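The structure appears below as structure tokens.
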Amino acid sequence: MAEEVLLLSSPSESCTSLLSEISNASTRAFVLAFTVGSCGAFAFGCIIGYSAPTQSSIMKDLNLSIADYSLFGSILTVGLILGALICGKLTDLVGRVYTIWITNILFVIGWFAIAFAKAVWLLDLGRLLQGISIGISAYLGPVYITEIAPRKLRGAACSMSQLFTGVGISVVYALGTVVAWRNLAILGSIPSLMILPLLFFIPESPRWLAKVGREKEVEEILSRLRGENSDVSDEAGEILAYTEHVKQQGDDRGFLKLFQRKYAFSLTIGVVLIALPQLGGLSGYSFYTESIFISTGVSSDVGFISTSIVQMLAGVLGTVLVDVSGRRSLLLVSQAGMFLGCLATAISFFLKENHCWETGTPILGNRKQEHHVVLWIIWIRHGINTIDHSIRVDVKGAAGTMCGLASSISSWLVAYSFSFLFQWSTTGTFLMFTTVTGIGFVFIAKLVPETRGKSLEEIQSLFSF
């Protein structure tokens, strides 16, 4: 049984050596493809982080209510659901590269719709288009990088690419303190505009080519990715043999094929790990950071700048430590950190609501709350960098759709309800996140395996029964 599982390997020792290794051990074609993936992840992060620093200014300029802005924040996740529904079939139908074209064009249209919005409907439409694009690229990005990367660079490339999502969020947070929301939307379109001309030069995935019957092109593309002097015959043979093996199984039930008993274990792992960060508060933090910091009594500008710094450092830390500890261990540490961060934040808000901070120094109390919120953020970013995708060829599209739906629906639930929950009880909100992260820790400890150092086909065989 081999379906949606973790890819738990990464060869480098630091972010600098990661980039150096990717550059030295790869061809221009792979470096360009990696650049496209990284820029796409950066654009992804810019979109995720946009609504947090712009909340008060957009509400003021367009005269939005809390319900209106909650719709603007959460409609991104509605788009995510729509994108998740089509991501697998679309990438299987038209290929990885053409799908990257589609997602980046939607990114640009969405940004300009937001930048020039005079009415709420255009603002929401732009955010919806961005959500659809993210719903597709959240599946496509890791899969494309995984399929084209050499075995010894696969973990490094995936980790570095995902790191840029956190960097994108951090950059938008920092710029949001000094740039007007319309100008910030224009700036947000730049990464996608930079990607478009590069798409003429990047190769298609050799595994997708094998799947659609273009076997003659597999070795040619591998030679471009590995170097003309590299012997790619063994790798090409392994890809073609595995693809042929899958085709011979001859099951044409499509999406329903996922619900066979043999797929249950690994699909469950994939769905739960994708949904855990969202249900643990990621969407609420990403979309409503300003509200969280204002509620602590800390300047939102100070909060955004400090968050930007620690978020990037946490992402780098997670990328570096994944080589030392392995992904399963890092997931456990991350989940434990999220649990403690959520619990500390809940306790802080409880003490503030009951005026316990007033017995000491109010400023000190605010700082403690800020530190607890930042602790929560660190561990969210620390762990989100560790989840990559390795999906069996015959169910890749369907599994991608399923996991995308799980992430999107859980993200929408948190994003839409967060403002209302926060008004109801700040303490109760974070206690809910504490419960989810605690359950997540137990799940990872009991069920999630380590698959360090294995190829895609070996990982898929590992889960076959």
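Ordered as shown in the structure tokens, chains take letters A, B, and onward, while each chain numbers its residues from 1 and ligands are numbered from 1 in the order shown.
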
### Message
I need the helix (DSSP H, G or I) residues of stretch 120-228 of chain A per DSSP on the backbone, written as a PyMOL selection string.
### Response
chain A and resi 120-148+151-176+181-188+190-198+206-211+215-226

Store the residues picked out above in a file with C-alpha atoms, as a PDB file, in the first residue's frame.
ATOM      1  CA  VAL A 120     -16.406  44.454  -1.878  1.00  0.00           C
ATOM      2  CA  TRP A 121     -17.379  42.011  -4.635  1.00  0.00           C
ATOM      3  CA  LEU A 122     -14.176  42.675  -6.633  1.00  0.00           C
ATOM      4  CA  LEU A 123     -12.079  42.368  -3.480  1.00  0.00           C
ATOM      5  CA  ASP A 124     -13.668  38.996  -2.732  1.00  0.00           C
ATOM      6  CA  LEU A 125     -13.389  37.855  -6.360  1.00  0.00           C
ATOM      7  CA  GLY A 126      -9.660  38.525  -6.394  1.00  0.00           C
ATOM      8  CA  ARG A 127      -9.219  36.615  -3.148  1.00  0.00           C
ATOM      9  CA  LEU A 128     -11.331  33.729  -4.477  1.00  0.00           C
ATOM     10  CA  LEU A 129      -9.194  33.422  -7.630  1.00  0.00           C
ATOM     11  CA  GLN A 130      -6.081  33.401  -5.483  1.00  0.00           C
ATOM     12  CA  GLY A 131      -7.606  30.688  -3.336  1.00  0.00           C
ATOM     13  CA  ILE A 132      -8.328  28.485  -6.348  1.00  0.00           C
ATOM     14  CA  SER A 133      -4.752  28.911  -7.500  1.00  0.00           C
ATOM     15  CA  ILE A 134      -3.367  28.102  -4.045  1.00  0.00           C
ATOM     16  CA  GLY A 135      -5.610  25.043  -3.827  1.00  0.00           C
ATOM     17  CA  ILE A 136      -3.953  23.743  -6.980  1.00  0.00           C
ATOM     18  CA  SER A 137      -0.384  24.818  -6.253  1.00  0.00           C
ATOM     19  CA  ALA A 138      -0.406  23.525  -2.663  1.00  0.00           C
ATOM     20  CA  TYR A 139      -0.528  20.045  -4.221  1.00  0.00           C
ATOM     21  CA  LEU A 140       1.379  20.804  -7.414  1.00  0.00           C
ATOM     22  CA  GLY A 141       4.443  22.528  -5.955  1.00  0.00           C
ATOM     23  CA  PRO A 142       5.742  19.747  -3.672  1.00  0.00           C
ATOM     24  CA  VAL A 143       4.790  17.050  -6.184  1.00  0.00           C
ATOM     25  CA  TYR A 144       6.642  18.720  -9.078  1.00  0.00           C
ATOM     26  CA  ILE A 145       9.800  19.312  -7.039  1.00  0.00           C
ATOM     27  CA  THR A 146       9.650  15.755  -5.676  1.00  0.00           C
ATOM     28  CA  GLU A 147       9.289  14.259  -9.157  1.00  0.00           C
ATOM     29  CA  ILE A 148      12.173  16.112 -10.808  1.00  0.00           C
ATOM     30  CA  ARG A 151      17.263  11.374  -4.899  1.00  0.00           C
ATOM     31  CA  LYS A 152      20.037  12.944  -2.815  1.00  0.00           C
ATOM     32  CA  LEU A 153      18.617  16.454  -3.265  1.00  0.00           C
ATOM     33  CA  ARG A 154      14.913  15.692  -3.010  1.00  0.00           C
ATOM     34  CA  GLY A 155      14.495  16.402   0.684  1.00  0.00           C
ATOM     35  CA  ALA A 156      16.688  19.503   0.507  1.00  0.00           C
ATOM     36  CA  ALA A 157      14.790  20.902  -2.468  1.00  0.00           C
ATOM     37  CA  CYS A 158      11.382  20.276  -0.884  1.00  0.00           C
ATOM     38  CA  SER A 159      12.414  21.788   2.447  1.00  0.00           C
ATOM     39  CA  MET A 160      13.978  24.855   0.851  1.00  0.00           C
ATOM     40  CA  SER A 161      11.007  25.374  -1.432  1.00  0.00           C
ATOM     41  CA  GLN A 162       8.564  25.216   1.474  1.00  0.00           C
ATOM     42  CA  LEU A 163      10.807  27.545   3.486  1.00  0.00           C
ATOM     43  CA  PHE A 164      10.043  30.265   0.947  1.00  0.00           C
ATOM     44  CA  THR A 165       6.364  30.108   1.886  1.00  0.00           C
ATOM     45  CA  GLY A 166       7.287  31.272   5.379  1.00  0.00           C
ATOM     46  CA  VAL A 167       9.597  33.890   3.923  1.00  0.00           C
ATOM     47  CA  GLY A 168       6.750  35.199   1.753  1.00  0.00           C
ATOM     48  CA  ILE A 169       4.465  35.515   4.776  1.00  0.00           C
ATOM     49  CA  SER A 170       7.192  37.289   6.748  1.00  0.00           C
ATOM     50  CA  VAL A 171       7.992  39.750   3.950  1.00  0.00           C
ATOM     51  CA  VAL A 172       4.313  40.684   3.564  1.00  0.00           C
ATOM     52  CA  TYR A 173       3.991  41.140   7.321  1.00  0.00           C
ATOM     53  CA  ALA A 174       6.989  43.475   7.392  1.00  0.00           C
ATOM     54  CA  LEU A 175       5.962  45.438   4.279  1.00  0.00           C
ATOM     55  CA  GLY A 176       2.392  45.687   5.539  1.00  0.00           C
ATOM     56  CA  TRP A 181      -2.818  47.785   1.137  1.00  0.00           C
ATOM     57  CA  ARG A 182      -3.352  48.550  -2.555  1.00  0.00           C
ATOM     58  CA  ASN A 183       0.374  49.024  -3.175  1.00  0.00           C
ATOM     59  CA  LEU A 184       1.075  45.856  -1.192  1.00  0.00           C
ATOM     60  CA  ALA A 185      -1.204  43.946  -3.571  1.00  0.00           C
ATOM     61  CA  ILE A 186       0.752  45.290  -6.556  1.00  0.00           C
ATOM     62  CA  LEU A 187       4.020  44.213  -4.935  1.00  0.00           C
ATOM     63  CA  GLY A 188       2.505  40.797  -4.240  1.00  0.00           C
ATOM     64  CA  ILE A 190       5.810  40.535  -8.695  1.00  0.00           C
ATOM     65  CA  PRO A 191       6.875  36.920  -7.842  1.00  0.00           C
ATOM     66  CA  SER A 192       4.265  35.456 -10.200  1.00  0.00           C
ATOM     67  CA  LEU A 193       5.206  37.910 -12.955  1.00  0.00           C
ATOM     68  CA  MET A 194       8.822  36.811 -12.543  1.00  0.00           C
ATOM     69  CA  ILE A 195       7.868  33.143 -12.841  1.00  0.00           C
ATOM     70  CA  LEU A 196       5.981  33.407 -16.145  1.00  0.00           C
ATOM     71  CA  PRO A 197       8.978  33.888 -18.508  1.00  0.00           C
ATOM     72  CA  LEU A 198      10.910  31.101 -16.721  1.00  0.00           C
ATOM     73  CA  PRO A 206       9.532  12.601 -16.235  1.00  0.00           C
ATOM     74  CA  ARG A 207       7.137  10.618 -14.050  1.00  0.00           C
ATOM     75  CA  TRP A 208       4.138  12.389 -15.588  1.00  0.00           C
ATOM     76  CA  LEU A 209       5.535  11.729 -19.066  1.00  0.00           C
ATOM     77  CA  ALA A 210       5.821   8.030 -18.231  1.00  0.00           C
ATOM     78  CA  LYS A 211       2.286   7.970 -16.889  1.00  0.00           C
ATOM     79  CA  GLU A 215       8.182   6.959 -22.597  1.00  0.00           C
ATOM     80  CA  LYS A 216      10.675   8.135 -25.232  1.00  0.00           C
ATOM     81  CA  GLU A 217      10.862  11.558 -23.621  1.00  0.00           C
ATOM     82  CA  VAL A 218      11.579  10.274 -20.107  1.00  0.00           C
ATOM     83  CA  GLU A 219      15.290   9.633 -20.618  1.00  0.00           C
ATOM     84  CA  GLU A 220      15.704  12.880 -22.558  1.00  0.00           C
ATOM     85  CA  ILE A 221      14.176  14.948 -19.743  1.00  0.00           C
ATOM     86  CA  LEU A 222      16.195  13.091 -17.108  1.00  0.00           C
ATOM     87  CA  SER A 223      19.365  13.890 -19.057  1.00  0.00           C
ATOM     88  CA  ARG A 224      18.452  17.591 -18.990  1.00  0.00           C
ATOM     89  CA  LEU A 225      17.806  17.416 -15.256  1.00  0.00           C
ATOM     90  CA  ARG A 226      20.865  15.312 -14.304  1.00  0.00           C
TER      91      ARG A 226
END

### Query
Within 10 Å of A:Val442, counting only C-alpha atoms, which residues qualify if same-chain residues fewer than 6 places away don't, as a ChimeraX atom specification?
/A:332,335-336,448

### Query
What separation in Å, quoted to one decimal, exists between atom CA of A:Gly428 and atom CA of A:Ala346?
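These two atoms are separated by 7.2 Å.
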
### Summary
Judged by only C-alpha atoms, the minimum distance to A:Ser56 among A:Ala180, A:Ala84, A:Leu431, A:Ala264 is found for A:Ala180

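Candidate residues A:Ser38, A:Thr177, A:Ser51, A:Ser57 were compared for distance to A:Ile305, and the nearest is A:Thr177, using only C-alpha atoms.
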